[in-house]
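Below: start-v3.txt (compact mmCIF, C-alpha atoms)
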```
# COMPACT_ATOMS: atom_id res chain seq x y z
CA MET K 218 -13.63 0.45 199.00
CA GLU K 219 -10.30 0.29 197.19
CA PHE K 220 -8.95 -3.18 197.76
CA ALA K 221 -10.49 -6.55 198.44
CA GLN K 222 -8.52 -9.76 198.20
CA ASN K 223 -11.62 -11.87 197.65
CA LEU K 224 -14.86 -10.60 196.09
CA LYS K 225 -18.18 -12.13 195.19
CA ILE K 226 -20.41 -10.35 192.66
CA VAL K 227 -24.00 -11.57 192.91
CA ASN K 228 -27.30 -10.97 191.13
CA GLY K 229 -25.78 -9.77 187.86
CA LYS K 230 -26.34 -10.32 184.16
CA ILE K 231 -22.92 -11.81 183.47
CA LEU K 232 -21.54 -11.30 179.96
CA THR K 233 -19.49 -14.42 179.21
CA PRO K 234 -18.01 -15.68 175.90
CA SER K 235 -20.82 -18.24 175.65
CA GLY K 236 -23.68 -15.89 176.48
CA ILE K 237 -25.37 -13.93 179.24
CA ILE K 238 -25.94 -15.59 182.61
CA PRO K 239 -28.89 -13.85 184.31
CA GLY K 240 -28.84 -13.61 188.10
CA GLY K 241 -25.33 -15.03 188.11
CA THR K 242 -22.38 -14.95 190.47
CA VAL K 243 -18.69 -14.29 189.88
CA LEU K 244 -16.18 -15.29 192.55
CA ILE K 245 -12.84 -13.48 192.61
CA ILE K 246 -9.92 -14.85 194.61
CA GLU K 247 -6.57 -13.04 194.81
CA GLY K 248 -7.22 -10.93 191.74
CA ALA K 249 -8.39 -13.70 189.41
CA ILE K 250 -11.78 -15.09 188.41
CA ALA K 251 -12.15 -18.29 190.39
CA ALA K 252 -15.71 -19.35 189.58
CA ILE K 253 -18.78 -18.34 187.56
CA SER K 254 -22.26 -19.70 188.28
CA ASP K 255 -25.93 -19.15 187.52
CA ARG K 256 -26.60 -19.32 191.27
CA ASP K 257 -24.98 -18.21 194.49
CA ILE K 258 -21.52 -19.54 195.35
CA GLU K 259 -20.84 -20.26 199.00
CA PHE K 260 -17.60 -18.56 200.01
CA GLU K 261 -17.57 -16.82 203.35
CA ALA K 262 -14.18 -15.09 203.06
CA ALA K 263 -15.31 -12.69 200.32
CA ILE K 264 -16.76 -9.20 200.22
CA GLU K 265 -20.10 -9.32 198.44
CA ILE K 266 -21.07 -6.85 195.72
CA ASP K 267 -24.74 -6.89 194.71
CA ALA K 268 -25.03 -6.06 191.02
CA LYS K 269 -28.79 -5.55 191.45
CA GLY K 270 -29.62 -7.02 188.07
CA LYS K 271 -27.14 -4.86 186.17
CA TYR K 272 -24.62 -6.10 183.60
CA VAL K 273 -21.40 -7.68 184.85
CA SER K 274 -18.98 -7.21 181.97
CA PRO K 275 -15.34 -7.82 181.20
CA GLY K 276 -13.34 -4.63 181.71
CA PHE K 277 -13.01 -2.25 178.79
CA ILE K 278 -9.63 -2.25 177.01
CA ASP K 279 -8.64 0.94 175.16
CA ILE K 280 -5.72 0.26 172.82
CA HIS K 281 -5.47 3.84 171.52
CA VAL K 282 -5.69 6.68 174.04
CA HIS K 283 -3.68 9.90 174.36
CA GLY K 284 -4.98 11.46 177.54
CA GLY K 285 -7.77 12.51 179.85
CA GLY K 286 -8.51 14.40 183.02
CA GLY K 287 -6.51 17.39 181.78
CA HIS K 288 -3.34 15.41 181.03
CA ASP K 289 -1.64 13.95 177.94
CA PHE K 290 0.93 11.15 177.81
CA MET K 291 3.13 13.51 175.79
CA ASP K 292 3.42 15.69 178.91
CA ALA K 293 5.98 13.02 179.81
CA SER K 294 5.35 13.24 183.54
CA GLU K 295 4.51 10.56 186.06
CA THR K 296 1.55 12.64 187.21
CA ALA K 297 0.12 12.70 183.68
CA PHE K 298 0.36 8.93 183.24
CA LEU K 299 -1.22 8.17 186.60
CA LYS K 300 -3.99 10.76 186.36
CA ILE K 301 -5.00 9.62 182.87
CA ALA K 302 -5.29 6.03 184.10
CA GLU K 303 -7.30 7.16 187.13
CA THR K 304 -9.62 9.29 184.99
CA HIS K 305 -10.53 6.55 182.55
CA VAL K 306 -11.06 3.86 185.20
CA ARG K 307 -14.14 5.80 186.30
CA TYR K 308 -15.71 5.05 182.92
CA GLY K 309 -14.99 1.32 182.83
CA THR K 310 -11.50 1.22 181.30
CA THR K 311 -9.53 -1.47 183.12
CA ALA K 312 -6.57 -1.61 180.73
CA MET K 313 -5.12 0.81 178.18
CA VAL K 314 -2.29 1.30 175.73
CA PRO K 315 -0.87 4.82 176.24
CA THR K 316 -0.36 6.49 172.88
CA THR K 317 2.08 9.14 171.72
CA LEU K 318 1.70 11.76 169.01
CA THR K 319 4.13 12.65 166.25
CA GLY K 320 7.14 14.32 167.86
CA SER K 321 10.89 14.49 167.95
CA LYS K 322 12.94 11.44 168.82
CA GLU K 323 13.85 13.10 172.12
CA GLU K 324 10.18 13.71 173.02
CA ILE K 325 9.26 10.12 172.19
CA LEU K 326 12.10 8.67 174.24
CA GLU K 327 11.24 10.93 177.16
CA THR K 328 7.65 9.71 177.16
CA LEU K 329 8.74 6.07 176.90
CA ALA K 330 11.15 6.54 179.80
CA VAL K 331 8.34 7.86 181.99
CA TYR K 332 6.21 4.83 181.14
CA GLU K 333 8.93 2.47 182.28
CA LYS K 334 9.32 4.38 185.56
CA VAL K 335 5.64 4.70 186.35
CA ASN K 336 4.17 1.40 185.16
CA HIS K 337 4.64 -0.43 188.48
CA LYS K 338 3.27 2.56 190.43
CA ASN K 339 -0.07 2.55 188.65
CA ILE K 340 -2.27 0.94 191.30
CA HIS K 341 -5.25 3.30 191.31
CA GLY K 342 -6.10 3.42 187.60
CA ALA K 343 -6.50 1.38 184.44
CA GLN K 344 -3.60 -1.02 183.91
CA PHE K 345 -1.02 -0.21 181.23
CA LEU K 346 -0.42 -2.81 178.50
CA GLY K 347 2.59 -1.18 176.84
CA MET K 348 3.05 1.86 174.62
CA HIS K 349 1.65 2.73 171.21
CA LEU K 350 3.74 5.06 169.06
CA GLU K 351 1.46 6.92 166.66
CA GLY K 352 3.93 8.34 164.20
CA PRO K 353 6.09 10.10 163.24
CA TYR K 354 6.23 8.12 159.97
CA PHE K 355 3.11 9.47 158.25
CA ALA K 356 1.86 10.81 154.92
CA MET K 357 1.80 14.59 155.17
CA ASN K 358 -1.47 14.76 153.23
CA GLN K 359 -3.20 12.59 155.84
CA ARG K 360 -1.68 14.17 158.95
CA GLY K 361 -4.96 15.48 160.38
CA ALA K 362 -4.06 17.17 163.68
CA GLN K 363 -0.59 15.57 163.84
CA ASP K 364 2.14 18.22 164.04
CA PRO K 365 3.65 18.55 160.53
CA ARG K 366 6.99 19.73 161.97
CA PHE K 367 7.83 16.19 163.00
CA ILE K 368 6.40 14.08 160.18
CA ARG K 369 9.11 12.14 158.35
CA ASN K 370 9.93 8.87 156.59
CA PRO K 371 11.04 5.84 158.58
CA ASP K 372 14.67 6.20 159.64
CA PRO K 373 16.29 2.83 160.42
CA GLN K 374 18.90 4.42 162.66
CA GLU K 375 16.17 6.19 164.62
CA TYR K 376 13.66 3.38 165.11
CA LYS K 377 16.33 0.76 165.78
CA ASP K 378 17.86 3.00 168.43
CA ILE K 379 14.47 3.62 170.06
CA LEU K 380 13.71 -0.09 170.21
CA SER K 381 17.14 -0.81 171.65
CA GLN K 382 16.55 1.57 174.56
CA VAL K 383 13.11 0.45 175.76
CA SER K 384 11.03 -2.71 175.94
CA CYS K 385 7.59 -1.18 176.49
CA ILE K 386 6.57 -0.50 172.85
CA LYS K 387 3.80 -2.92 171.83
CA ARG K 388 2.45 -1.28 168.68
CA TRP K 389 3.60 1.38 166.22
CA SER K 390 1.41 3.13 163.63
CA ALA K 391 2.85 4.29 160.30
CA ALA K 392 2.01 4.95 156.65
CA PRO K 393 3.16 1.82 154.76
CA GLU K 394 3.60 3.53 151.37
CA LEU K 395 6.50 5.66 152.61
CA GLU K 396 10.03 4.86 151.56
CA GLY K 397 11.42 2.31 153.99
CA ALA K 398 8.06 1.58 155.67
CA ILE K 399 7.90 -2.08 154.65
CA GLU K 400 11.37 -2.70 156.08
CA PHE K 401 10.30 -0.79 159.18
CA GLY K 402 7.23 -3.01 159.58
CA ARG K 403 9.24 -6.19 159.22
CA TYR K 404 11.85 -5.01 161.70
CA ILE K 405 9.48 -3.95 164.48
CA LYS K 406 7.38 -7.10 164.04
CA SER K 407 10.53 -9.18 164.52
CA HIS K 408 10.95 -7.35 167.83
CA GLY K 409 7.45 -8.14 169.06
CA VAL K 410 5.86 -4.83 168.06
CA LEU K 411 2.58 -4.73 166.09
CA PRO K 412 2.77 -2.54 162.95
CA ALA K 413 -0.45 -0.65 162.14
CA LEU K 414 -1.62 1.37 159.13
CA ALA K 415 -2.25 5.02 159.97
CA HIS K 416 -2.36 8.54 158.46
CA THR K 417 -1.75 6.98 155.08
CA ASP K 418 -2.43 7.56 151.38
CA ALA K 419 -1.74 3.95 150.41
CA VAL K 420 -3.72 2.16 147.71
CA TYR K 421 -4.83 -1.47 147.70
CA GLU K 422 -1.65 -2.90 146.18
CA GLU K 423 0.44 -1.14 148.81
CA VAL K 424 -1.87 -2.26 151.62
CA ILE K 425 -1.66 -5.89 150.50
CA LYS K 426 2.14 -5.69 150.58
CA ALA K 427 2.02 -4.04 154.00
CA PHE K 428 -0.38 -6.67 155.35
CA ASP K 429 1.91 -9.43 154.16
CA ASN K 430 4.74 -7.74 156.07
CA GLY K 431 2.94 -7.40 159.40
CA TYR K 432 0.58 -4.43 159.13
CA THR K 433 -2.51 -6.32 160.31
CA LEU K 434 -4.32 -3.46 162.06
CA ALA K 435 -5.89 -0.31 160.60
CA THR K 436 -5.62 2.61 163.03
CA HIS K 437 -8.90 4.57 163.45
CA LEU K 438 -10.63 3.39 160.28
CA TYR K 439 -11.82 6.24 158.00
CA SER K 440 -9.81 8.82 159.96
CA GLY K 441 -6.50 9.87 158.39
CA MET K 442 -6.54 7.38 155.54
CA SER K 443 -7.30 7.14 151.84
CA GLY K 444 -10.52 5.98 150.27
CA VAL K 445 -11.06 5.48 146.54
CA THR K 446 -8.30 7.43 144.76
CA ARG K 447 -7.89 8.51 141.13
CA ARG K 448 -4.49 8.49 139.47
CA ASN K 449 -4.27 9.44 135.80
CA ALA K 450 -8.03 8.92 135.44
CA TYR K 451 -7.92 5.39 136.89
CA ARG K 452 -9.55 4.55 140.20
CA TYR K 453 -7.69 2.71 142.96
CA ALA K 454 -9.06 1.23 146.15
CA GLY K 455 -7.72 3.04 149.18
CA VAL K 456 -6.91 1.87 152.71
CA ILE K 457 -10.57 1.92 153.75
CA GLU K 458 -11.67 -0.43 150.96
CA SER K 459 -8.56 -2.56 151.51
CA ALA K 460 -9.38 -3.02 155.18
CA PHE K 461 -12.83 -4.24 154.18
CA LEU K 462 -11.51 -6.58 151.51
CA ILE K 463 -8.83 -8.20 153.66
CA ASP K 464 -10.86 -10.44 155.95
CA GLU K 465 -8.00 -10.90 158.42
CA MET K 466 -7.36 -7.16 158.82
CA ASP K 467 -8.33 -5.82 162.24
CA VAL K 468 -9.69 -2.28 162.46
CA GLU K 469 -10.02 0.39 165.13
CA VAL K 470 -13.16 2.50 165.31
CA ILE K 471 -13.59 5.81 167.16
CA ALA K 472 -17.23 5.21 168.04
CA ASP K 473 -17.85 8.54 169.76
CA GLY K 474 -20.75 9.45 167.49
CA ALA K 475 -18.80 12.40 166.06
CA HIS K 476 -15.91 10.92 164.08
CA LEU K 477 -18.18 8.50 162.21
CA PRO K 478 -21.94 8.77 161.59
CA ALA K 479 -24.38 5.93 162.14
CA PRO K 480 -24.34 4.63 158.52
CA LEU K 481 -20.56 4.17 158.58
CA LEU K 482 -20.63 2.51 162.00
CA LYS K 483 -23.26 0.12 160.65
CA LEU K 484 -21.23 -0.53 157.50
CA ILE K 485 -18.04 -1.31 159.41
CA PHE K 486 -19.87 -3.68 161.71
CA LYS K 487 -21.69 -5.36 158.83
CA ILE K 488 -18.44 -6.07 157.00
CA LYS K 489 -15.92 -6.68 159.78
CA GLY K 490 -18.05 -7.91 162.70
CA ALA K 491 -17.29 -7.83 166.40
CA ASP K 492 -14.34 -10.23 166.05
CA ARG K 493 -12.33 -7.75 163.93
CA ILE K 494 -13.30 -4.39 165.44
CA ALA K 495 -11.62 -2.73 168.41
CA LEU K 496 -13.43 0.30 169.74
CA ILE K 497 -11.01 3.06 170.73
CA THR K 498 -11.42 6.45 172.37
CA ASP K 499 -8.41 8.16 170.71
CA ALA K 500 -9.08 10.47 173.67
CA MET K 501 -7.00 13.59 174.25
CA ARG K 502 -6.49 15.46 177.52
CA ALA K 503 -9.99 17.01 177.60
CA ALA K 504 -11.68 13.61 178.07
CA GLY K 505 -13.34 13.44 181.45
CA THR K 506 -13.42 17.24 181.78
CA ASP K 507 -15.86 20.00 180.79
CA VAL K 508 -13.40 22.45 179.22
CA SER K 509 -14.05 24.28 175.92
CA GLU K 510 -10.38 24.85 175.03
CA SER K 511 -7.46 22.48 175.40
CA ILE K 512 -4.04 21.40 174.11
CA LEU K 513 -3.33 18.40 171.90
CA GLY K 514 0.01 16.85 172.81
CA ASN K 515 2.60 18.24 175.19
CA GLU K 516 1.13 20.91 177.46
CA HIS K 517 3.94 23.36 176.63
CA ILE K 518 4.41 22.93 172.86
CA GLY K 519 1.23 21.14 171.74
CA LEU K 520 -1.48 22.38 169.41
CA LYS K 521 -4.32 24.53 170.72
CA VAL K 522 -7.73 22.97 170.12
CA ILE K 523 -11.35 23.69 170.88
CA VAL K 524 -13.84 21.27 172.37
CA GLU K 525 -17.40 21.44 171.09
CA ASP K 526 -20.13 19.06 169.95
CA GLY K 527 -18.55 16.32 172.03
CA VAL K 528 -15.28 16.27 170.10
CA ALA K 529 -11.95 18.13 169.91
CA LYS K 530 -11.28 20.21 166.78
CA LEU K 531 -8.56 22.42 165.36
CA PRO K 532 -9.45 26.08 166.04
CA ASP K 533 -10.34 26.66 162.36
CA ARG K 534 -12.63 23.59 162.50
CA THR K 535 -10.97 22.01 159.45
CA SER K 536 -10.16 18.77 161.27
CA PHE K 537 -10.97 16.81 164.37
CA ALA K 538 -8.14 16.77 166.90
CA GLY K 539 -8.85 13.61 168.81
CA SER K 540 -11.92 12.64 170.75
CA VAL K 541 -13.01 13.45 174.28
CA ALA K 542 -14.77 10.11 174.58
CA THR K 543 -14.54 7.54 177.33
CA THR K 544 -15.02 3.82 176.75
CA ASP K 545 -18.55 3.71 178.16
CA ARG K 546 -19.57 6.24 175.49
CA LEU K 547 -18.18 3.99 172.75
CA VAL K 548 -20.26 1.03 173.92
CA ARG K 549 -23.34 3.22 174.29
CA THR K 550 -22.86 4.69 170.80
CA MET K 551 -22.48 1.35 169.05
CA ILE K 552 -25.67 0.09 170.65
CA ALA K 553 -27.66 3.27 169.97
CA LEU K 554 -26.34 4.27 166.52
CA ALA K 555 -25.10 1.04 164.98
CA GLY K 556 -27.84 -1.14 166.45
CA VAL K 557 -25.50 -3.83 167.76
CA SER K 558 -26.22 -5.98 170.80
CA VAL K 559 -24.76 -5.26 174.22
CA ALA K 560 -22.71 -8.45 173.94
CA ASP K 561 -21.19 -7.44 170.58
CA ALA K 562 -20.50 -3.87 171.72
CA VAL K 563 -18.73 -5.17 174.83
CA LYS K 564 -16.75 -7.71 172.79
CA MET K 565 -15.39 -4.89 170.62
CA MET K 566 -14.38 -3.09 173.82
CA SER K 567 -12.81 -6.08 175.57
CA ALA K 568 -12.08 -9.45 173.93
CA THR K 569 -11.18 -8.16 170.46
CA PRO K 570 -8.72 -5.50 171.64
CA ALA K 571 -7.29 -8.06 174.08
CA ARG K 572 -6.64 -10.47 171.20
CA ILE K 573 -5.09 -7.75 169.05
CA MET K 574 -2.68 -6.85 171.86
CA GLY K 575 -1.87 -10.49 172.62
CA VAL K 576 -3.36 -10.57 176.12
CA LEU K 577 -6.57 -12.55 175.53
CA ASP K 578 -5.08 -15.43 177.52
CA ARG K 579 -5.49 -13.32 180.66
CA LYS K 580 -7.82 -10.41 179.86
CA GLY K 581 -10.87 -9.44 177.82
CA GLU K 582 -13.36 -12.05 179.00
CA ILE K 583 -15.12 -13.18 182.15
CA ALA K 584 -13.68 -16.66 182.30
CA VAL K 585 -12.20 -18.78 185.08
CA GLY K 586 -8.49 -18.15 185.52
CA LYS K 587 -8.44 -14.75 183.83
CA ASP K 588 -7.65 -11.48 185.54
CA ALA K 589 -10.58 -10.08 187.49
CA ASP K 590 -11.02 -6.97 185.33
CA ILE K 591 -14.74 -6.33 185.59
CA VAL K 592 -17.21 -3.51 185.00
CA ILE K 593 -20.74 -3.32 186.34
CA PHE K 594 -23.06 -1.03 184.35
CA ASP K 595 -26.78 -0.43 183.87
CA GLU K 596 -29.00 -0.53 180.78
CA GLY K 597 -27.82 2.97 179.81
CA ILE K 598 -24.16 1.82 180.02
CA SER K 599 -23.61 4.04 183.04
CA VAL K 600 -20.70 2.53 184.96
CA GLU K 601 -21.45 1.63 188.57
CA THR K 602 -18.28 -0.27 189.54
CA THR K 603 -14.84 -0.84 188.01
CA ILE K 604 -12.61 -3.66 189.25
CA VAL K 605 -8.99 -4.05 188.09
CA ASN K 606 -7.15 -7.26 188.98
CA GLY K 607 -9.66 -7.85 191.76
CA ARG K 608 -9.28 -4.38 193.21
CA VAL K 609 -12.33 -2.13 193.35
CA LEU K 610 -11.02 1.16 191.97
CA PHE K 611 -14.31 2.91 191.32
CA GLN K 612 -17.79 2.69 192.81
CA LYS K 613 -20.53 5.17 192.06
CA LEU K 614 -21.92 6.57 195.30
```
Translate the structure of the given file into structure tokens.
Amino acid sequence: MEFAQNLKIVNGKILTPSGIIPGGTVLIIEGAIAAISDRDIEFEAAIEIDAKGKYVSPGFIDIHVHGGGGHDFMDASETAFLKIAETHVRYGTTAMVPTTLTGSKEEILETLAVYEKVNHKNIHGAQFLGMHLEGPYFAMNQRGAQDPRFIRNPDPQEYKDILSQVSCIKRWSAAPELEGAIEFGRYIKSHGVLPALAHTDAVYEEVIKAFDNGYTLATHLYSGMSGVTRRNAYRYAGVIESAFLIDEMDVEVIADGAHLPAPLLKLIFKIKGADRIALITDAMRAAGTDVSESILGNEHIGLKVIVEDGVAKLPDRTSFAGSVATTDRLVRTMIALAGVSVADAVKMMSATPARIMGVLDRKGEIAVGKDADIVIFDEGISVETTIVNGRVLFQKL
């Protein structure tokens, strides 16, 4: 079943902002949530889906994802964009923010152009919420698997030209300590783009200045960023400690169970809480596949990587090279390793990322009037059904 104008989900444990409604019903009319009840809702002109006591959750929103199903957004092809969206919808992702890697201006513009062509054609996969540019304005020392050939300082002529050519950029990650990075942050924020801290060696004083100039999100906390640093014998708080100290700072967490161990997941949750954490896959093209070797970035010029232990690594194993996680795995990991509740894990995968991306008014929660982006999953967080804007795009046989 691919499309149903009106749906009625019955007999589910409905995860709502105010709590779980056991044995509840959700009525969907023309792609939106029309009613929620703790009992059956009479509405004959609707296809009924029996949740059979499973969780009925808001759809998962991945605000940092590079690929999946054997494709990467940097392939800059319509096929890649569509197949990635179709791959991740099988695991509960109902909306995503396609993410680039560090590259040349020409590569970045090519990828952005494909997004603008393909966005309206994406009817079989997770919905796109705009583009995330990860780089190329990074600290070389914190590059991780980012291609060092393209790392550079912010260039006003370059980023102003990019923003003048497209309207799909919604967030842009950069190292705020670089020359010109504060001006860059102010400029993109004035154009409706969210600046984020990433691949950075900044210290607390630099992070405070960046935060005051729009950098309110820390990209993949702990990964590609400074911790406590010593300069001339004196210790300085790094980006990690700064993100903890600044209460209003949002953070991303790659909760795949590989990038961060259980103690750090618990620490992040203890300090920041579900309201400030967005779970992200940071998934590369091998997500949703069973390959042991892959490519990070463009399929022709990207970096060769290996896939083992449930994560992608550089061939010499000196660094991770993106995850192969899907959103269901993130929720499962936070429950199992960090000991959080199902409701909190789902919030970090739905409402919090929706707020960060400015779409909470229509997505991220099961609430009347919001888009019918819904996932049905069991106690093991195995996805049974994924619904995007009222359209059933995945059902486990």
Between CA of Leu481 in chain K and CA of Ile593 in chain K, distance in Å (one decimal):
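CA of Leu481 in chain K sits 28.8 Å away from CA of Ile593 in chain K.
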Counting only C-alpha atoms, what is within 8 Å of range 469-475 of chain K, bar same-chain residues fewer than 6 positions away, as a list in words?
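After dropping sequence-adjacent residues, the list is Leu434, Ala435, Thr436, His437, Leu438, Leu482, Ile494, Ala495, Leu496, Ile497, Thr498, Asp499, Asp526, Gly527, Val528, Ser540, Ala542, Arg546, Leu547, Val548, Thr550, Met551 and Leu554 of chain K.
CA of Asp279 in chain K is found 6.4 Å from CA of Val314 in chain K.
The residue that comes closest to Glu465 in chain K, out of K:Ala293, K:Gly490, K:Glu375, K:Arg448 and on the basis of only C-alpha atoms, is K:Gly490.
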I want to know what sits within 9 Å of range 383-397 of chain K, based on only C-alpha atoms, with residues of the same chain fewer than 4 positions away left out; could you give that as a ChimeraX atom specification?
/K:314,326,329-330,332-333,346-356,370-373,379,401-402,405-406,409-420,423-424,426-427,432,434-436,442,574
Keeping C-alpha atoms for every residue in the selection just given, could you write it to a file as a short mmCIF file (atom, residue, chain, number, x, y, z; two decimals), in the frame of the given file?
```
data_model
loop_
_atom_site.label_atom_id
_atom_site.label_comp_id
_atom_site.auth_asym_id
_atom_site.auth_seq_id
_atom_site.Cartn_x
_atom_site.Cartn_y
_atom_site.Cartn_z
CA VAL K 314 -2.29 1.30 175.73
CA LEU K 326 12.10 8.67 174.24
CA LEU K 329 8.74 6.07 176.90
CA ALA K 330 11.15 6.54 179.80
CA TYR K 332 6.21 4.83 181.14
CA GLU K 333 8.93 2.47 182.28
CA LEU K 346 -0.42 -2.81 178.50
CA GLY K 347 2.59 -1.18 176.84
CA MET K 348 3.05 1.86 174.62
CA HIS K 349 1.65 2.73 171.21
CA LEU K 350 3.74 5.06 169.06
CA GLU K 351 1.46 6.92 166.66
CA GLY K 352 3.93 8.34 164.20
CA PRO K 353 6.09 10.10 163.24
CA TYR K 354 6.23 8.12 159.97
CA PHE K 355 3.11 9.47 158.25
CA ALA K 356 1.86 10.81 154.92
CA ASN K 370 9.93 8.87 156.59
CA PRO K 371 11.04 5.84 158.58
CA ASP K 372 14.67 6.20 159.64
CA PRO K 373 16.29 2.83 160.42
CA ILE K 379 14.47 3.62 170.06
CA PHE K 401 10.30 -0.79 159.18
CA GLY K 402 7.23 -3.01 159.58
CA ILE K 405 9.48 -3.95 164.48
CA LYS K 406 7.38 -7.10 164.04
CA GLY K 409 7.45 -8.14 169.06
CA VAL K 410 5.86 -4.83 168.06
CA LEU K 411 2.58 -4.73 166.09
CA PRO K 412 2.77 -2.54 162.95
CA ALA K 413 -0.45 -0.65 162.14
CA LEU K 414 -1.62 1.37 159.13
CA ALA K 415 -2.25 5.02 159.97
CA HIS K 416 -2.36 8.54 158.46
CA THR K 417 -1.75 6.98 155.08
CA ASP K 418 -2.43 7.56 151.38
CA ALA K 419 -1.74 3.95 150.41
CA VAL K 420 -3.72 2.16 147.71
CA GLU K 423 0.44 -1.14 148.81
CA VAL K 424 -1.87 -2.26 151.62
CA LYS K 426 2.14 -5.69 150.58
CA ALA K 427 2.02 -4.04 154.00
CA TYR K 432 0.58 -4.43 159.13
CA LEU K 434 -4.32 -3.46 162.06
CA ALA K 435 -5.89 -0.31 160.60
CA THR K 436 -5.62 2.61 163.03
CA MET K 442 -6.54 7.38 155.54
CA MET K 574 -2.68 -6.85 171.86
#
```
Just how far from CA of Tyr453 in chain K is CA of Tyr421 in chain K, in Å to one decimal?
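CA of Tyr421 in chain K sits 6.9 Å away from CA of Tyr453 in chain K.
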At a cut-off of 12 Å, using only C-alpha atoms, what residues contact Leu531 in chain K? Leave out same-chain residues fewer than 2 positions from it and give the result as a list in words.
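So, after excluding close chain neighbours, the residues are Gly361, Ala362, Gln363, Asp364, Glu510, Ser511, Ile512, Leu513, Gly519, Leu520, Lys521, Val522, Ile523, Val524, Glu525, Val528, Ala529, Asp533, Arg534, Thr535, Ser536, Phe537, Ala538, Gly539 and Ser540 of chain K.
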Would you give the centre and edge lengths, in Å to one decimal, of a box along x, y and z around the listed atoms of range 404-416 of chain K, with 5 Å added to each side, as AutoDock Vina command-line options?
```
--center_x 4.7 --center_y -0.3 --center_z 163.8 --size_x 24.2 --size_y 27.7 --size_z 20.6
```
Proximity of range 278-321 of chain K to range 500-503 of chain K: per-residue shortest pair, 7 Å limit, all atoms listed in the file, as a Markdown table:
```
| residue | atom | partner | partner_atom | distance |
| --- | --- | --- | --- | --- |
| K:Val282 | CA | K:Ala500 | CA | 5.1 |
| K:His283 | CA | K:Met501 | CA | 5.0 |
| K:Gly284 | CA | K:Arg502 | CA | 4.3 |
| K:Gly285 | CA | K:Arg502 | CA | 4.0 |
| K:Gly286 | CA | K:Arg502 | CA | 6.0 |
| K:Gly287 | CA | K:Arg502 | CA | 4.7 |
| K:His288 | CA | K:Arg502 | CA | 4.7 |
| K:Asp289 | CA | K:Arg502 | CA | 5.1 |
```
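Minimum atom-to-atom distance to Tyr404 in chain K, evaluated using only C-alpha atoms, belongs to K:Leu380 out of K:Leu380, K:Ala343, K:Val243, K:Leu318.
Comparing K:Thr543, K:Pro478, K:Glu582, K:Lys564 by their smallest distance to Ser599 in chain K, the closest is K:Thr543 (using all atoms listed in the file).
Distance check against Arg256 in chain K using only C-alpha atoms: of K:Gly309, K:Gly229, K:Gly597, K:Pro275, the minimum falls on K:Gly229.
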Residue among K:Ser321, K:Ser443, K:Asn515, K:Ser274 lying closest to Phe594 in chain K, counting all atoms listed in the file:
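Checking each of K:Ser321, K:Ser443, K:Asn515, K:Ser274 against Phe594 in chain K, counting all atoms listed in the file, the winner is K:Ser274.
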I want to know what sits within 8 Å of Ala589 in chain K, based on only C-alpha atoms, with residues of the same chain fewer than 4 positions away left out; could you give that as a PyMOL selection string?
chain K and resi 245+248-250+583+604-607
With distances taken over all atoms listed in the file, which of K:Asn430, K:Ile485, K:Ala504, K:Pro365 is nearest to Ile301 in chain K?
K:Ala504
Please provide the set of residues having any atom within 10 Å of Ile226 in chain K, restricted to all atoms listed in the file, with same-chain residues fewer than 4 positions apart removed, written as an NGL selection string.
:K and (231 or 241-245 or 253 or 257-258 or 263-269 or 273 or 591 or 593)
Please reconstruct the missing atoms of range 459-467 of chain K (target: N, CA and C atoms) and return them as a short mmCIF file (atom, residue, chain, number, x, y, z; two decimals), in the frame of the given file.
```cif
data_model
loop_
_atom_site.label_atom_id
_atom_site.label_comp_id
_atom_site.auth_asym_id
_atom_site.auth_seq_id
_atom_site.Cartn_x
_atom_site.Cartn_y
_atom_site.Cartn_z
N SER K 459 -9.49 -1.45 151.29
CA SER K 459 -8.56 -2.56 151.51
C SER K 459 -8.83 -3.25 152.84
N ALA K 460 -9.09 -2.45 153.86
CA ALA K 460 -9.38 -3.02 155.18
C ALA K 460 -10.64 -3.87 155.15
N PHE K 461 -11.61 -3.45 154.32
CA PHE K 461 -12.83 -4.24 154.18
C PHE K 461 -12.58 -5.52 153.40
N LEU K 462 -11.74 -5.43 152.37
CA LEU K 462 -11.51 -6.58 151.51
C LEU K 462 -10.64 -7.65 152.16
N ILE K 463 -9.72 -7.24 153.00
CA ILE K 463 -8.83 -8.20 153.66
C ILE K 463 -9.52 -8.71 154.92
N ASP K 464 -10.06 -9.90 154.84
CA ASP K 464 -10.86 -10.44 155.95
C ASP K 464 -10.09 -10.47 157.27
N GLU K 465 -8.79 -10.74 157.20
CA GLU K 465 -8.00 -10.90 158.42
C GLU K 465 -7.49 -9.58 158.98
N MET K 466 -7.80 -8.47 158.33
CA MET K 466 -7.36 -7.16 158.82
C MET K 466 -8.25 -6.71 159.98
N ASP K 467 -7.62 -6.39 161.12
CA ASP K 467 -8.33 -5.82 162.24
C ASP K 467 -8.45 -4.31 162.04
#
```
